[in-house]
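Structure, as structure tokens:
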Amino acid sequence: MANITVSIANGASKSFPTGVRIIDALAELVSGKKRKATLAVKAGEHLLDLAAELHADTTLEPVGVESEAGLEILRHSTAHLMALAVKELYGDEVKVAIGPAIEDGFYYDFDRPTPFTPEDFDRIEAKMAEIASAALPITRSEMSKPEALAFFAKQGEQYKVELLEEMEADTVSLYTQGNFVDLCRGPHVPDASWIKVFKLLRVAGSYWRGDEHRQMLTRIYGTAFANKKDLQAYLNRLEEARKRDHRKLGKQLGLFTIQDQIGPGLILWQPRGALLRHLIEDYWKDEHYRNDYQLLYTPHIARQDLWNTSGHADFYSENMYAPMEIDEVLYQLKPMNCPFHIGVYKADPHSYRDFPIRWCELGTVYRYERTGALHGLLRVRGFTQDDAHIFCRPDQLQDEIYNIISLNQHILKTFGFDQYDIYLSTRPEKYVGSDANWELATQALKQALDRMQLDYSIDPGEGVFYGPKIDIKIKDQLNRSWQCSTIQVDFNLPERFAMSYTGDDGAEHQPIMIHRALMGSLERFIGVLIEHYAGAFPLWLAPEQARIMNITDDQAEWCNEVYTQLRSQGVRIEKDLRNEKLNYKIREAQMMKVPYMLIIGEREREDGTVTVRKRNGENLPAMSPDAFVQLVRRECDEQLRTV
RNA sequence: GCCCACGUAACUCAGUGGUAGAGUACCUCCUUGGUAAGGAGGAAGCCAUCGGUUCAAGUCCGAUCGUGGGCUCCA
């Protein structure tokens, strides 16, 4: 990426490629007379060089710290500061592994006989503050690789030794702060006094080098900011995310439950959640019929033989549940829908004229997920994919991909998602299918994306062994990314199942198969939706669109009349006729995030009207029940309007 | 699966070795009140499960199951 933009106090500024020492860059900018420079580092690798070498006669303003790259440097330095504090407090008992800056903060991995717990945070933070206030300088030095190896070996830092052994460089850079010397590429802030606002957040386990067969380390996560205000804003954002947590809202709004007795990762949809899901499914089916898809239904189990043919019994077995025996034949629960759709394909002979065939199914699959991976609705063991398989000729591939992406965009947009990160994954090292086919499919994916003028990044070699794919991550209200949509070309299954069609030349050919899911799974998608909307669903999706409530018992009859009328006209309305104060009823409806409250007092009963209170507290003038039905229909139509 | 933490009433939580608690929800009664909690009373727990230590275990120890934060893996 990155150029370094260096600007100085007189306004001059220039970009340099990464790797240029800032001191050299400055020399170019500063004509020799004026040595008082202010730095703005946009993307920096060598800030410390500058700090170290300009210290004597340059004032370095801490402007960089507010920039993104500056924050990264600050956080990286804070990770080091934490390691220093830990070393000072716990000495040789602790070995240090690695400690980078990450999005929103930093972490450092430690190896300690008894892992850290949050109770240790106060002590470590206090030590960090103490070191920081002493403005202990952070200095950069270099060593040859053998020197560095000997140095860290002597200190007993086996993790650093291992890192060094794998490095190719002849010389490495070290950063020294007090007694703590760390192997590090840098850059860092000039001294610890720059680190003023920081906080340790949580401990977690992590494998050394991310390898589950190796040593488990204790990771401490923390964050640092340029000022207290930014830290507070960050903490508030975390708090906001916690409030939106779909597990919490799912319970509060009565959407779904997961129970020990049923089993982990298995979702029970409660009435409100089931209604929400039903609305999404109906919408999904309508959109698919409208876009020339046909709906399929297929069973949940199949003979093991099927999974042998498909190859899942081989390469996917660790995700599949154990076989069960039925009439002395083994059957297995399905982890995927594809072989069944192929079964439908094989029920009839096919000609090139049939294509494209677009078959979709809300197919429930079961996959074994390790207990530690399970997470609310977002990672479960039984889930329903909004699956589809498209069979086509090579010349139709690009159009089909294009159509899938546009349908995807249309559907996602309806749910308020219009920010995506798109990844195109290309051929991995191990693959099936011919090079020519891979090229054809990869180009088709690429051209479809280009045709739609979508930005995407390429993940080289990250495709599945059976074909290239496009993954789309959606961004929610809090700018968090979620992997939902996936579009995969498959050269494997048509081969394994010997699928064919008769071409215009009268010969048999193999169709191209595309797998795709737009929402991914209903479980995950609804989990994301809950957090995206913070449980306050738009009217068309709200399980309860309106709640009618009386002020005194005298209006109960009129309430019942309106209730029955609106129900019969398709409004999802509930009633609250309890002997409670209006305040109390409003509060409850409000907490259930019901979009409209219909308030009925003496006035409304006499006039035959309803007073409408919106979820945001706003009141609409009294209207007839009919007018309210129209209002609901109009609003839903607007929300569903095709873009 | 791995590391750490946690598991007490339907929910949110207090209870650190000596008779199981609060608020909310629920039920009953009073109250009929116009825009986010009216009042009184009542019922409700095998303290996740199993085992151990102890005169005595919700509390200490171990195992199992489950949840959370991560790691790894993924729709």
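FYI, nothing fancy with the structure tokens labels: chains A, B, ... in order, residues from 1 per chain, ligands from 1 as they appear.
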Counting only C-alpha atoms (C1' of nucleotides), collect the residues of chain A whose closest atom lies at most 6 Å from chain B, and write them out as a list of chain:residue names.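 Taken together, these residues fit the definition: A:Ala204, A:Gly205, A:Ser206, A:Tyr207, A:Glu212, A:Gly520, A:Ser521, A:Thr552, A:Lys581, A:Tyr584, A:Arg587.
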Based on the backbone DSSP call, show me all residues of stretch 97-343 of chain A assigned helix (DSSP H, G or I), as a ChimeraX atom specification. /A:118-133,145-155,158-166,192-194,208-210,228-244,246-252,271-290,304-310,312-315,317-319,338-343
Please report the interatomic distance between atom CA of A:Thr486 and atom CA of A:Leu518 in Å with one decimal. 6.5 Å
Write out as number ranges by chain each polymer residue whose atoms come within 8 Å of A:Ile470, counting only C-alpha atoms (C1' of nucleotides); drop sequence neighbours fewer than 4 positions from it. A: 422-425, 445, 486-488
Filtering to N, CA and C atoms, could you give me those residues as a tab-separated table (two decimals), in the first residue's frame?
chain	number	residue	atom	x	y	z
A	422	ILE	N	-16.08	-7.41	-1.06
A	422	ILE	CA	-16.21	-8.54	-1.98
A	422	ILE	C	-14.83	-9.17	-2.23
A	423	TYR	N	-14.77	-10.47	-2.15
A	423	TYR	CA	-13.51	-11.18	-2.35
A	423	TYR	C	-13.67	-12.21	-3.45
A	424	LEU	N	-12.74	-12.20	-4.37
A	424	LEU	CA	-12.71	-13.22	-5.42
A	424	LEU	C	-11.56	-14.16	-5.11
A	425	SER	N	-11.89	-15.44	-4.90
A	425	SER	CA	-10.85	-16.41	-4.54
A	425	SER	C	-10.50	-17.26	-5.74
A	445	LEU	N	-16.36	-14.86	-13.32
A	445	LEU	CA	-16.62	-14.19	-12.04
A	445	LEU	C	-16.11	-12.76	-12.10
A	486	THR	N	-22.22	-16.26	-0.74
A	486	THR	CA	-21.11	-16.95	-1.39
A	486	THR	C	-21.58	-17.50	-2.73
A	487	ILE	N	-20.74	-17.37	-3.73
A	487	ILE	CA	-21.05	-17.86	-5.08
A	487	ILE	C	-19.87	-18.71	-5.52
A	488	GLN	N	-20.12	-20.00	-5.78
A	488	GLN	CA	-19.01	-20.89	-6.09
A	488	GLN	C	-19.27	-21.66	-7.37
Identify, with DSSP run on backbone atoms, the residues in stretch 281-435 of chain A assigned to strand (DSSP E or B), and express the list as a PyMOL selection string. chain A and resi 294-295+301-303+324-326+329-333+351+357-366+375+379+382-392+420-425
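All residues of protein, DNA or RNA that reach within 8 Å of B:G17, judged by only C-alpha atoms (C1' of nucleotides) and not counting those fewer than 5 positions away in the chain, are B:A56, B:A57, B:U59.
The two atoms in question, atom CA of A:Arg613 and atom CA of A:Ile548, are spaced 10.2 Å apart.
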Shortest interatomic distance to B:C26 - which of B:A9, B:A40, B:C46, B:C60, counting only C-alpha atoms (C1' of nucleotides): B:A9
Selection near A:Ile573, 9 Å with only C-alpha atoms (C1' of nucleotides), sequence-local residues under 2 positions removed, as a ChimeraX atom specification: /A:543-548,563,566-567,570-571,575
Can you write just those residues out, C-alpha atoms, as a compact mmCIF listing (two decimals), in the first residue's frame?
# COMPACT_ATOMS: atom_id res chain seq x y z
CA PRO A 543 -43.35 -9.62 13.84
CA GLU A 544 -45.73 -7.31 15.65
CA GLN A 545 -46.51 -4.26 13.55
CA ALA A 546 -48.97 -2.64 15.89
CA ARG A 547 -50.35 -3.02 19.39
CA ILE A 548 -53.71 -1.66 20.34
CA TYR A 563 -58.23 -5.58 16.39
CA LEU A 566 -57.02 -5.00 11.23
CA ARG A 567 -56.13 -8.67 11.62
CA GLY A 570 -53.45 -8.45 7.21
CA VAL A 571 -52.00 -6.12 9.82
CA LYS A 575 -53.84 -6.19 21.83
